[in-house]
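K.L.:
So that you have it, the file is protein_30.txt, and it contains compact mmCIF, C-alpha atoms and all ligand atoms:
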# COMPACT_ATOMS: atom_id res chain seq x y z
CA MET A 1 -25.12 -34.06 -2.83
CA GLY A 2 -22.25 -36.48 -2.14
CA ARG A 3 -22.92 -40.05 -1.03
CA LYS A 4 -23.49 -40.59 2.71
CA ALA A 5 -20.36 -41.86 4.45
CA LYS A 6 -20.61 -45.51 5.42
CA THR A 7 -20.53 -46.69 9.03
CA ALA A 8 -18.51 -49.71 10.16
CA PHE A 9 -18.72 -51.58 13.46
CA ILE A 10 -15.59 -53.54 14.38
CA THR A 11 -15.37 -56.15 17.14
CA GLY A 12 -11.77 -56.84 18.19
CA ILE A 13 -10.78 -53.24 17.36
CA THR A 14 -8.07 -53.20 20.06
CA GLY A 15 -6.28 -56.16 18.44
CA GLN A 16 -3.73 -56.23 15.63
CA ASP A 17 -6.19 -56.48 12.72
CA GLY A 18 -8.84 -54.26 14.28
CA SER A 19 -6.41 -51.36 14.56
CA TYR A 20 -5.15 -51.66 10.95
CA LEU A 21 -8.71 -52.04 9.66
CA ALA A 22 -9.90 -48.98 11.62
CA GLU A 23 -7.06 -46.93 10.09
CA LEU A 24 -7.97 -48.12 6.59
CA LEU A 25 -11.69 -47.36 7.00
CA LEU A 26 -11.03 -43.93 8.54
CA LYS A 27 -8.84 -43.10 5.52
CA LYS A 28 -11.75 -44.11 3.28
CA GLY A 29 -14.04 -41.68 5.11
CA TYR A 30 -16.03 -44.22 7.17
CA ARG A 31 -17.55 -43.50 10.54
CA VAL A 32 -15.77 -46.18 12.59
CA CYS A 33 -17.31 -47.68 15.73
CA GLY A 34 -15.72 -50.41 17.84
CA LEU A 35 -16.65 -52.78 20.64
CA LEU A 36 -14.37 -52.27 23.65
CA ARG A 37 -14.16 -54.73 26.54
CA ARG A 38 -14.44 -53.22 29.98
CA ASN A 39 -11.16 -53.55 31.84
CA SER A 40 -10.33 -52.42 35.39
CA ASN A 41 -7.48 -50.47 33.78
CA PRO A 42 -9.04 -49.07 30.57
CA SER A 43 -6.99 -50.25 27.60
CA TYR A 44 -7.40 -49.40 23.92
CA GLY A 45 -4.62 -51.81 22.93
CA SER A 46 -3.34 -51.31 19.38
CA ALA A 47 -6.09 -48.75 18.68
CA ALA A 48 -4.93 -46.30 21.38
CA HIS A 49 -3.67 -43.82 18.76
CA LEU A 50 -7.16 -43.75 17.15
CA ARG A 51 -9.03 -42.84 20.34
CA SER A 52 -10.16 -39.42 19.10
CA GLU A 53 -11.37 -40.73 15.72
CA VAL A 54 -13.15 -43.97 16.67
CA GLU A 55 -16.40 -44.24 18.65
CA PHE A 56 -16.03 -46.95 21.28
CA PHE A 57 -18.91 -48.94 22.78
CA LEU A 58 -18.26 -50.85 26.01
CA GLY A 59 -19.36 -54.45 25.62
CA ASP A 60 -18.49 -58.06 25.19
CA LEU A 61 -19.19 -60.83 22.65
CA ALA A 62 -20.45 -62.85 25.62
CA ASP A 63 -23.44 -60.49 25.96
CA PRO A 64 -26.04 -60.74 23.17
CA ALA A 65 -28.09 -57.88 24.69
CA CYS A 66 -25.35 -55.31 24.18
CA LEU A 67 -24.65 -56.53 20.64
CA SER A 68 -28.30 -56.06 19.59
CA MET A 69 -28.50 -52.72 21.40
CA TYR A 70 -25.41 -51.31 19.65
CA LEU A 71 -26.42 -52.55 16.19
CA ALA A 72 -29.84 -50.90 16.62
CA GLU A 73 -28.19 -47.68 17.81
CA VAL A 74 -25.29 -47.43 15.35
CA LYS A 75 -26.95 -49.07 12.32
CA PRO A 76 -23.64 -49.95 10.66
CA ASP A 77 -23.52 -50.71 6.92
CA GLU A 78 -20.64 -53.12 7.56
CA ILE A 79 -19.79 -55.27 10.60
CA TYR A 80 -16.34 -56.83 10.94
CA ASN A 81 -16.32 -59.60 13.55
CA LEU A 82 -12.63 -59.85 14.45
CA ALA A 83 -12.98 -60.44 18.21
CA ALA A 84 -11.79 -63.82 19.43
CA GLN A 85 -9.57 -65.67 21.86
CA SER A 86 -7.08 -66.00 19.01
CA GLN A 87 -4.12 -67.83 20.61
CA VAL A 88 -4.00 -71.49 19.58
CA HIS A 89 -1.67 -72.68 22.38
CA GLU A 90 -3.88 -70.98 24.97
CA SER A 91 -6.99 -72.68 23.59
CA TRP A 92 -5.91 -75.96 25.25
CA SER A 93 -5.75 -74.19 28.65
CA GLN A 94 -8.98 -72.22 28.11
CA PRO A 95 -11.12 -74.43 25.85
CA LEU A 96 -14.47 -73.24 27.19
CA ALA A 97 -13.63 -69.53 27.05
CA THR A 98 -12.30 -70.09 23.53
CA ALA A 99 -15.45 -71.90 22.41
CA ASP A 100 -17.56 -69.13 23.89
CA GLN A 101 -15.67 -66.08 22.54
CA THR A 102 -14.41 -67.46 19.25
CA GLY A 103 -17.32 -69.74 18.33
CA LEU A 104 -20.52 -68.65 20.10
CA GLY A 105 -19.42 -64.99 19.99
CA ALA A 106 -19.72 -65.06 16.19
CA LEU A 107 -23.10 -66.77 16.39
CA ARG A 108 -24.33 -64.04 18.75
CA ILE A 109 -23.31 -61.43 16.16
CA PHE A 110 -25.15 -63.32 13.38
CA GLU A 111 -28.27 -63.60 15.57
CA ALA A 112 -28.17 -59.88 16.42
CA VAL A 113 -27.86 -59.06 12.70
CA ARG A 114 -30.74 -61.39 11.82
CA ASN A 115 -33.01 -59.81 14.44
CA VAL A 116 -31.97 -56.17 14.36
CA LEU A 117 -30.14 -55.27 11.13
CA PRO A 118 -30.60 -57.92 8.41
CA GLN A 119 -29.49 -55.53 5.66
CA ALA A 120 -25.96 -55.12 7.14
CA ARG A 121 -22.93 -56.77 5.53
CA VAL A 122 -20.90 -58.96 7.87
CA TYR A 123 -17.26 -60.07 7.65
CA GLN A 124 -16.38 -63.14 9.74
CA ALA A 125 -12.68 -63.73 10.55
CA SER A 126 -12.14 -67.36 9.55
CA THR A 127 -8.73 -68.96 9.59
CA SER A 128 -6.30 -71.36 7.92
CA GLU A 129 -6.35 -73.24 11.26
CA LEU A 130 -9.57 -74.80 9.90
CA TYR A 131 -7.38 -76.96 7.61
CA GLY A 132 -5.67 -78.44 10.67
CA ASP A 133 -3.50 -81.46 9.95
CA THR A 134 -4.38 -81.46 6.26
CA THR A 135 -2.15 -83.23 3.73
CA VAL A 136 -3.49 -81.12 0.84
CA VAL A 137 -0.97 -78.49 -0.31
CA PRO A 138 -1.72 -75.69 -1.10
CA GLN A 139 -5.08 -75.15 0.58
CA ASP A 140 -7.95 -73.31 -1.12
CA GLU A 141 -11.68 -72.71 -0.58
CA GLU A 142 -12.49 -76.33 -1.53
CA THR A 143 -9.94 -78.02 0.75
CA PRO A 144 -11.65 -80.07 3.52
CA PHE A 145 -11.30 -78.87 7.12
CA HIS A 146 -9.51 -81.00 9.75
CA PRO A 147 -9.34 -78.84 12.92
CA VAL A 148 -6.90 -80.16 15.53
CA ASN A 149 -7.23 -77.74 18.45
CA PRO A 150 -10.03 -76.08 20.47
CA TYR A 151 -9.43 -72.71 18.76
CA ALA A 152 -9.90 -74.23 15.29
CA ALA A 153 -12.99 -76.13 16.43
CA ALA A 154 -14.53 -72.86 17.69
CA LYS A 155 -13.65 -71.12 14.41
CA ALA A 156 -15.24 -74.02 12.50
CA LEU A 157 -18.51 -73.44 14.37
CA ALA A 158 -18.38 -69.74 13.44
CA HIS A 159 -17.46 -70.50 9.81
CA PHE A 160 -20.24 -73.03 9.27
CA ASP A 161 -22.78 -70.78 11.01
CA ALA A 162 -21.74 -67.90 8.72
CA GLN A 163 -22.53 -70.10 5.70
CA ILE A 164 -25.75 -71.43 7.29
CA TYR A 165 -27.06 -67.93 8.13
CA ARG A 166 -26.18 -66.77 4.60
CA LYS A 167 -28.10 -69.65 2.99
CA SER A 168 -31.00 -69.93 5.45
CA PHE A 169 -31.80 -66.26 6.02
CA GLY A 170 -30.28 -64.58 2.95
CA LEU A 171 -27.91 -62.51 5.11
CA PHE A 172 -24.80 -60.93 3.56
CA ILE A 173 -22.22 -62.77 5.66
CA SER A 174 -18.81 -63.34 4.06
CA THR A 175 -15.79 -65.10 5.47
CA GLY A 176 -12.08 -64.55 4.90
CA ILE A 177 -10.05 -67.71 5.46
CA LEU A 178 -6.93 -65.81 6.43
CA PHE A 179 -3.52 -67.41 6.77
CA ASN A 180 -1.12 -66.07 9.42
CA HIS A 181 -0.51 -62.34 9.18
CA GLU A 182 1.86 -60.37 11.32
CA SER A 183 3.12 -56.85 12.01
CA PRO A 184 4.94 -54.80 14.65
CA ARG A 185 1.51 -54.70 16.41
CA ARG A 186 1.35 -58.49 16.76
CA SER A 187 1.03 -59.70 20.34
CA PRO A 188 4.21 -61.40 21.68
CA ASP A 189 2.00 -64.46 22.28
CA PHE A 190 2.66 -65.32 18.61
CA VAL A 191 5.91 -66.69 17.34
CA THR A 192 6.92 -63.93 14.90
CA ARG A 193 6.72 -61.17 17.50
CA LYS A 194 8.23 -63.35 20.21
CA VAL A 195 11.23 -63.81 17.91
CA SER A 196 11.52 -60.16 16.79
CA LEU A 197 11.37 -58.92 20.40
CA ALA A 198 13.98 -61.48 21.51
CA VAL A 199 16.34 -60.52 18.66
CA ALA A 200 16.05 -56.84 19.63
CA ALA A 201 16.54 -57.57 23.36
CA ILE A 202 19.67 -59.67 22.66
CA LYS A 203 21.11 -57.20 20.14
CA LEU A 204 20.65 -54.25 22.52
CA GLY A 205 22.04 -56.21 25.51
CA LEU A 206 18.93 -55.55 27.63
CA LYS A 207 19.04 -56.89 31.19
CA GLY A 208 16.63 -57.52 34.09
CA ALA A 209 13.43 -55.49 34.08
CA ARG A 210 14.34 -53.91 30.73
CA ILE A 211 13.77 -57.25 28.95
CA PRO A 212 10.25 -57.07 27.48
CA LEU A 213 7.63 -59.64 28.43
CA GLY A 214 6.69 -62.14 25.76
CA GLN A 215 4.38 -65.12 25.44
CA GLY A 216 2.40 -65.78 28.62
CA GLY A 217 3.95 -62.74 30.35
CA ILE A 218 7.39 -64.42 30.51
CA PRO A 219 10.54 -62.38 29.59
CA VAL A 220 11.36 -62.92 25.89
CA ILE A 221 14.85 -64.19 26.72
CA ASN A 222 15.79 -66.48 29.62
CA LYS A 223 18.51 -66.08 32.28
CA ASP A 224 21.09 -67.46 29.79
CA ARG A 225 19.98 -64.75 27.29
CA LYS A 226 18.45 -67.37 24.98
CA LEU A 227 15.10 -67.50 23.22
CA GLU A 228 12.98 -70.53 24.14
CA LEU A 229 10.77 -71.93 21.37
CA GLY A 230 8.72 -75.05 20.62
CA ASN A 231 8.45 -76.76 17.23
CA LEU A 232 10.98 -75.29 14.78
CA ASP A 233 9.73 -77.50 11.92
CA ALA A 234 6.20 -76.02 11.89
CA LYS A 235 5.47 -74.28 8.60
CA ARG A 236 3.25 -71.25 8.10
CA ASP A 237 2.21 -68.91 5.28
CA TRP A 238 3.10 -65.52 6.82
CA GLY A 239 1.84 -62.24 5.34
CA PHE A 240 1.54 -58.61 6.49
CA ALA A 241 -1.59 -57.60 8.47
CA GLY A 242 -1.83 -54.25 6.63
CA ASP A 243 -2.31 -56.11 3.33
CA TYR A 244 -4.86 -58.50 4.84
CA VAL A 245 -7.25 -55.86 6.23
CA GLU A 246 -7.53 -54.48 2.68
CA ALA A 247 -8.73 -57.94 1.64
CA MET A 248 -11.37 -57.87 4.43
CA TRP A 249 -12.73 -54.56 3.13
CA MET A 250 -12.70 -55.77 -0.51
CA ILE A 251 -14.59 -58.93 0.48
CA LEU A 252 -17.46 -56.79 1.83
CA GLN A 253 -17.54 -54.61 -1.33
CA HIS A 254 -18.13 -57.69 -3.53
CA ASP A 255 -21.57 -57.98 -5.15
CA LYS A 256 -22.41 -61.19 -3.25
CA PRO A 257 -21.43 -62.83 0.04
CA ASP A 258 -18.80 -65.54 -0.34
CA ASP A 259 -15.74 -67.27 1.23
CA PHE A 260 -12.20 -66.27 0.23
CA VAL A 261 -8.73 -67.58 1.06
CA VAL A 262 -6.26 -64.75 1.83
CA ALA A 263 -2.61 -65.84 1.79
CA THR A 264 0.80 -65.23 0.20
CA GLY A 265 1.19 -68.66 -1.42
CA GLU A 266 4.61 -69.13 0.26
CA THR A 267 5.44 -71.21 3.30
CA HIS A 268 8.36 -70.96 5.74
CA SER A 269 9.35 -72.89 8.84
CA VAL A 270 9.84 -71.40 12.30
CA ARG A 271 13.54 -72.25 11.75
CA ASP A 272 13.55 -70.04 8.58
CA LEU A 273 11.89 -67.30 10.62
CA CYS A 274 14.66 -67.47 13.26
CA GLU A 275 17.40 -67.47 10.63
CA SER A 276 15.96 -64.38 8.90
CA ALA A 277 15.16 -62.45 12.07
CA PHE A 278 18.55 -62.98 13.78
CA SER A 279 20.41 -62.18 10.56
CA VAL A 280 18.66 -58.78 10.35
CA ALA A 281 20.57 -57.93 13.56
CA GLY A 282 23.79 -59.61 12.38
CA LEU A 283 23.36 -62.53 14.84
CA LYS A 284 23.53 -66.32 14.40
CA TRP A 285 20.22 -67.91 15.46
CA LYS A 286 21.75 -71.30 16.36
CA ASP A 287 23.72 -69.70 19.22
CA ARG A 288 20.61 -68.06 20.67
CA VAL A 289 17.63 -70.42 20.32
CA VAL A 290 16.84 -73.38 22.61
CA ILE A 291 13.87 -75.74 22.64
CA ASN A 292 11.50 -75.68 25.61
CA LYS A 293 8.90 -78.48 25.57
CA LYS A 294 6.45 -76.08 27.24
CA TRP A 295 5.88 -74.45 23.84
CA ILE A 296 5.38 -77.70 21.90
CA ARG A 297 1.68 -78.26 21.18
CA PRO A 298 -0.22 -81.50 21.78
CA THR A 299 -1.06 -81.51 18.05
CA GLU A 300 0.48 -79.50 15.23
CA THR A 301 -1.10 -77.94 12.17
CA GLY A 302 -0.01 -77.80 8.59
CA PRO A 303 2.15 -77.33 6.60
CA LEU A 304 -0.03 -74.31 5.86
CA VAL A 305 0.19 -72.57 2.51
CA GLY A 306 -2.74 -70.84 0.83
CA ASN A 307 -3.85 -70.54 -2.77
CA TYR A 308 -5.31 -67.02 -3.14
CA THR A 309 -6.35 -67.34 -6.81
CA LYS A 310 -10.06 -66.85 -6.09
CA ILE A 311 -9.70 -63.45 -4.40
CA ARG A 312 -7.08 -62.33 -6.94
CA LYS A 313 -9.40 -63.10 -9.85
CA ALA A 314 -12.68 -61.91 -8.27
CA LEU A 315 -11.48 -58.82 -6.40
CA GLY A 316 -7.95 -58.07 -7.68
CA TRP A 317 -6.34 -58.55 -4.23
CA LYS A 318 -2.76 -59.75 -3.89
CA PRO A 319 -0.18 -59.54 -1.09
CA LYS A 320 2.39 -56.72 -1.30
CA VAL A 321 4.84 -57.47 1.52
CA LYS A 322 7.15 -60.51 1.16
CA PHE A 323 8.31 -62.72 4.05
CA GLU A 324 11.87 -61.28 4.27
CA ASP A 325 10.53 -57.69 4.24
CA LEU A 326 7.96 -58.54 6.92
CA VAL A 327 10.62 -60.03 9.22
CA ASN A 328 12.90 -57.06 8.60
CA MET A 329 10.01 -54.63 9.37
CA MET A 330 9.26 -56.37 12.68
CA VAL A 331 12.86 -56.62 13.89
CA GLN A 332 13.61 -52.99 12.93
CA ALA A 333 10.43 -51.84 14.72
CA ASP A 334 11.40 -53.70 17.91
CA LEU A 335 14.98 -52.40 17.78
CA ALA A 336 13.62 -48.85 17.51
CA LYS A 337 11.05 -49.44 20.25
CA LEU A 338 13.45 -51.01 22.77
CA ARG A 339 16.28 -48.59 22.08
P1 LIG A 401 -5.89 -60.29 18.39
O1 LIG A 401 -4.79 -59.30 18.20
O2 LIG A 401 -5.70 -61.39 19.36
O3 LIG A 401 -7.21 -59.45 18.81
C1 LIG A 401 -8.33 -60.07 19.33
C2 LIG A 401 -9.36 -59.01 19.67
O4 LIG A 401 -10.56 -59.65 20.16
C3 LIG A 401 -8.93 -58.02 20.76
O5 LIG A 401 -9.39 -56.73 20.41
C4 LIG A 401 -9.69 -58.52 21.99
O6 LIG A 401 -9.95 -57.52 22.93
C5 LIG A 401 -10.98 -58.95 21.32
N1 LIG A 401 -11.80 -59.85 22.14
C6 LIG A 401 -11.48 -61.09 22.59
N2 LIG A 401 -12.51 -61.62 23.27
C7 LIG A 401 -13.52 -60.70 23.25
C8 LIG A 401 -14.82 -60.65 23.77
N3 LIG A 401 -15.32 -61.68 24.49
N4 LIG A 401 -15.59 -59.55 23.54
C9 LIG A 401 -15.08 -58.51 22.85
N5 LIG A 401 -13.84 -58.49 22.33
C10 LIG A 401 -13.06 -59.57 22.53
O7 LIG A 401 -6.30 -60.96 17.00
P2 LIG A 401 -5.90 -60.53 15.51
O8 LIG A 401 -4.58 -61.13 15.16
O9 LIG A 401 -6.13 -59.08 15.33
O10 LIG A 401 -6.98 -61.38 14.67
C11 LIG A 401 -8.27 -60.84 14.40
C12 LIG A 401 -9.22 -61.99 14.12
O11 LIG A 401 -8.77 -62.74 12.99
C13 LIG A 401 -9.36 -63.01 15.25
O12 LIG A 401 -10.69 -63.48 15.23
C14 LIG A 401 -8.42 -64.14 14.84
O13 LIG A 401 -8.83 -65.35 15.42
C15 LIG A 401 -8.58 -64.10 13.35
N6 LIG A 401 -7.43 -64.55 12.57
C16 LIG A 401 -6.22 -64.02 12.79
C17 LIG A 401 -5.15 -64.40 12.00
C18 LIG A 401 -3.77 -63.83 12.20
O14 LIG A 401 -2.81 -64.43 11.70
N7 LIG A 401 -3.65 -62.68 12.87
C19 LIG A 401 -5.33 -65.35 10.97
C20 LIG A 401 -6.61 -65.86 10.77
C21 LIG A 401 -7.67 -65.44 11.56
P3 LIG A 401 -8.94 -57.21 24.17
O15 LIG A 401 -7.93 -56.22 23.63
O16 LIG A 401 -9.85 -56.64 25.18
O17 LIG A 401 -8.31 -58.51 24.57
N1 LIG A 402 3.36 -68.99 19.74
C1 LIG A 402 4.43 -69.79 19.60
N2 LIG A 402 5.42 -69.74 20.55
N3 LIG A 402 4.50 -70.59 18.54
C2 LIG A 402 5.61 -71.35 18.41
C3 LIG A 402 6.65 -71.34 19.33
C4 LIG A 402 6.55 -70.50 20.47
O1 LIG A 402 7.43 -70.44 21.33
N4 LIG A 402 7.62 -72.20 18.91
C5 LIG A 402 7.19 -72.74 17.77
N5 LIG A 402 5.96 -72.23 17.46
C6 LIG A 402 5.15 -72.62 16.31
C7 LIG A 402 3.75 -73.12 16.69
O2 LIG A 402 3.80 -74.49 17.12
C8 LIG A 402 3.02 -72.92 15.36
O3 LIG A 402 3.21 -74.07 14.54
C9 LIG A 402 3.73 -71.73 14.73
O4 LIG A 402 4.92 -71.49 15.50
C10 LIG A 402 2.89 -70.46 14.69
O5 LIG A 402 2.37 -70.24 15.98
P1 LIG A 402 1.67 -68.85 16.36
O6 LIG A 402 2.51 -67.71 15.96
O7 LIG A 402 1.25 -68.93 17.78
O8 LIG A 402 0.40 -68.80 15.38
P2 LIG A 402 -0.67 -69.91 14.97
O9 LIG A 402 -0.34 -70.36 13.58
O10 LIG A 402 -0.81 -70.94 16.01
O11 LIG A 402 -2.03 -69.09 14.96
C11 LIG A 402 -2.11 -67.80 14.35
O12 LIG A 402 -2.48 -67.92 13.00
C12 LIG A 402 -3.77 -68.51 12.77
C13 LIG A 402 -3.97 -68.61 11.24
O13 LIG A 402 -3.38 -69.79 10.78
C14 LIG A 402 -3.17 -67.00 15.15
O14 LIG A 402 -3.15 -65.66 14.70
C15 LIG A 402 -4.56 -67.57 14.95
O15 LIG A 402 -5.51 -66.70 15.56
C16 LIG A 402 -4.83 -67.65 13.44
O16 LIG A 402 -6.12 -68.17 13.19
Let me see the structure of the file written as structure tokens.
Ligand code: NAP
Ligand code: GDD
P.N.:
Amino acid sequence: MGRKAKTAFITGITGQDGSYLAELLLKKGYRVCGLLRRNSNPSYGSAAHLRSEVEFFLGDLADPACLSMYLAEVKPDEIYNLAAQSQVHESWSQPLATADQTGLGALRIFEAVRNVLPQARVYQASTSELYGDTTVVPQDEETPFHPVNPYAAAKALAHFDAQIYRKSFGLFISTGILFNHESPRRSPDFVTRKVSLAVAAIKLGLKGARIPLGQGGIPVINKDRKLELGNLDAKRDWGFAGDYVEAMWMILQHDKPDDFVVATGETHSVRDLCESAFSVAGLKWKDRVVINKKWIRPTETGPLVGNYTKIRKALGWKPKVKFEDLVNMMVQADLAKLR
């Protein structure tokens, strides 16, 4: 008799990471279940192509009753808590919703696990935003946290509760402190996708209603056919989401629960990102990018760059896709999509 297939329960399955993780787990033979928010117009987001393979459960991280009910019903071996209000800029406009979904939402999952399914393994999506305005470079698992926005504060609550529930109740809760990771499935609310969509729209000469909507539902290029950005000096460690969901899975296969930094070890500025992305399309970024104060944040993070030695040594994980290849992948995907 072969071994019973494992079952995974993913919150945030309609998002970028949730969809890549679901694909990975399906390939590995898992039964994949996902929490789906009710919407007046049903939307499966980035997981739409997996509709026939994934079992969806209508619910919300705001509702502890549905979380306990689904864990009791599905009895997953592994739970990946990826759901969150994940946009940093937006967390200043929606601080309470962010604290509730991103912070308390994780705590509700941990409580449901403690009460209903204490043997399950849990992955909590922690973030390099926890390091905030750190001056330590690069950052690793021992680097102190200095959150500087409501999103990071909410993630800090979730991160510390993950560690507290692990120590106090002996639960298998691991965290991945993931640095920025991107893909053609990234929401245009984030700078990489905002840039790749704008490059494609400019290159293809799109006009009027054909210009895709970007951050905050605003067209990705303005009336002068320029891309409006905030802080070009901000520095991030950008990797590929497909590589990072493999790290999530590996973290839950480890023999003990722990915390791991997942990063590329390289940092680039938003200016570098613009230069690379526009050059993929044979364009000069300086002619096309303007600063709009609207996108400058009250406080800035970083420079973020992660040291992934611990996960490399313990689990053999390392990033495969380099920055230039990631940018090329995203611009090519948007050119193909908008064409
Ligand atoms: P994302 O694309 O923004 O996806 C967020 C997901 O959370 C969506 O499926 C969303 O559902 C769901 N969600 C939000 N609030 C919810 C609620 N109250 N109940 C149920 N579902 C809810 O995020 P991502 O980039 O895939 O990131 C996944 C996780 O990793 C997030 O927790 C993020 O904070 C964290 N993280 C991301 C990065 C990164 O660079 N991508 C780095 C570090 C950590 P809808 O589709 O219904 O909105
Ligand atoms: N979104 C956005 N839009 N960011 C801009 C813009 C703009 O027009 N102009 C400059 N930036 C700068 C931001 O100030 C920030 O320093 C950087 O680009 C990256 O911003 P985002 O792409 O929005 O990502 P983030 O770093 O704030 O957050 C992402 O990564 C975190 C991990 O460090 C999200 O995925 C978080 O959920 C995640 O935890």
K.L.:
So, counting all atoms listed in the file, which residue among A:Arg37, A:Lys4, A:Arg225, A:Lys318 is closest to Ala247 of chain A?
P.N.:
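Ranking A:Arg37, A:Lys4, A:Arg225, A:Lys318 by distance to Ala247 of chain A, first place goes to A:Lys318.
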K.L.:
Check the smallest atom-to-atom distance from each of A:Met69, A:Ala154, A:Met248, A:Ile13 to ligand LIG 402 (chain A) using all atoms listed in the file, then report the winner.
P.N.:
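Using all atoms listed in the file, ligand LIG 402 (chain A) sits closest to A:Ala154.
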K.L.:
Would you mind reading off the distance between atom CA of Leu61 of chain A and atom CA of Val191 of chain A, one decimal, in Å?
P.N.:
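Atom CA of Val191 of chain A lies 26.3 Å from atom CA of Leu61 of chain A.
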K.L.:
From the options A:Arg339, A:Arg193, A:Lys27, A:Lys310, which residue's atoms come nearest to Leu326 of chain A, counting only C-alpha atoms?
P.N.:
A:Arg193
K.L.:
I want to know what sits within 9 Å of Gln215 of chain A, based on all atoms listed in the file, with residues of the same chain fewer than 3 positions away left out; could you give that as a list of chain:residue names?
P.N.:
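Result of the neighbour search: A:Ser187, A:Pro188, A:Asp189, A:Phe190, A:Val191, A:Lys194, A:Ile218, A:Pro219, A:Val220.
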K.L.:
Got a sec to check which residues lie within 7 Å of ligand LIG 401 (chain A), using all atoms listed in the file, and send them as number ranges by chain?
P.N.:
A: 11-18, 35-37, 44-45, 59-62, 82-87, 101-102, 105, 125-128, 177-182, 186-187
K.L.:
What gap, in Å, lies between atom O3 of ligand LIG 402 (chain A) and atom CA of Ala234 of chain A?
P.N.:
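Calculated distance between atom O3 of ligand LIG 402 (chain A) and atom CA of Ala234 of chain A is 4.4 Å.
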K.L.:
Can you work out the spacing between atom CA of Val116 of chain A and atom CA of Tyr70 of chain A in Å, to one decimal?
P.N.:
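One can read the atom CA of Val116 of chain A to atom CA of Tyr70 of chain A distance as 9.7 Å.
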K.L.:
With distances taken over all atoms listed in the file, which residue among A:Leu197, A:Leu229, A:Val290, A:Ile311 lies nearest Phe278 of chain A?
P.N.:
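Under the stated criterion, the closest residue is A:Leu197.
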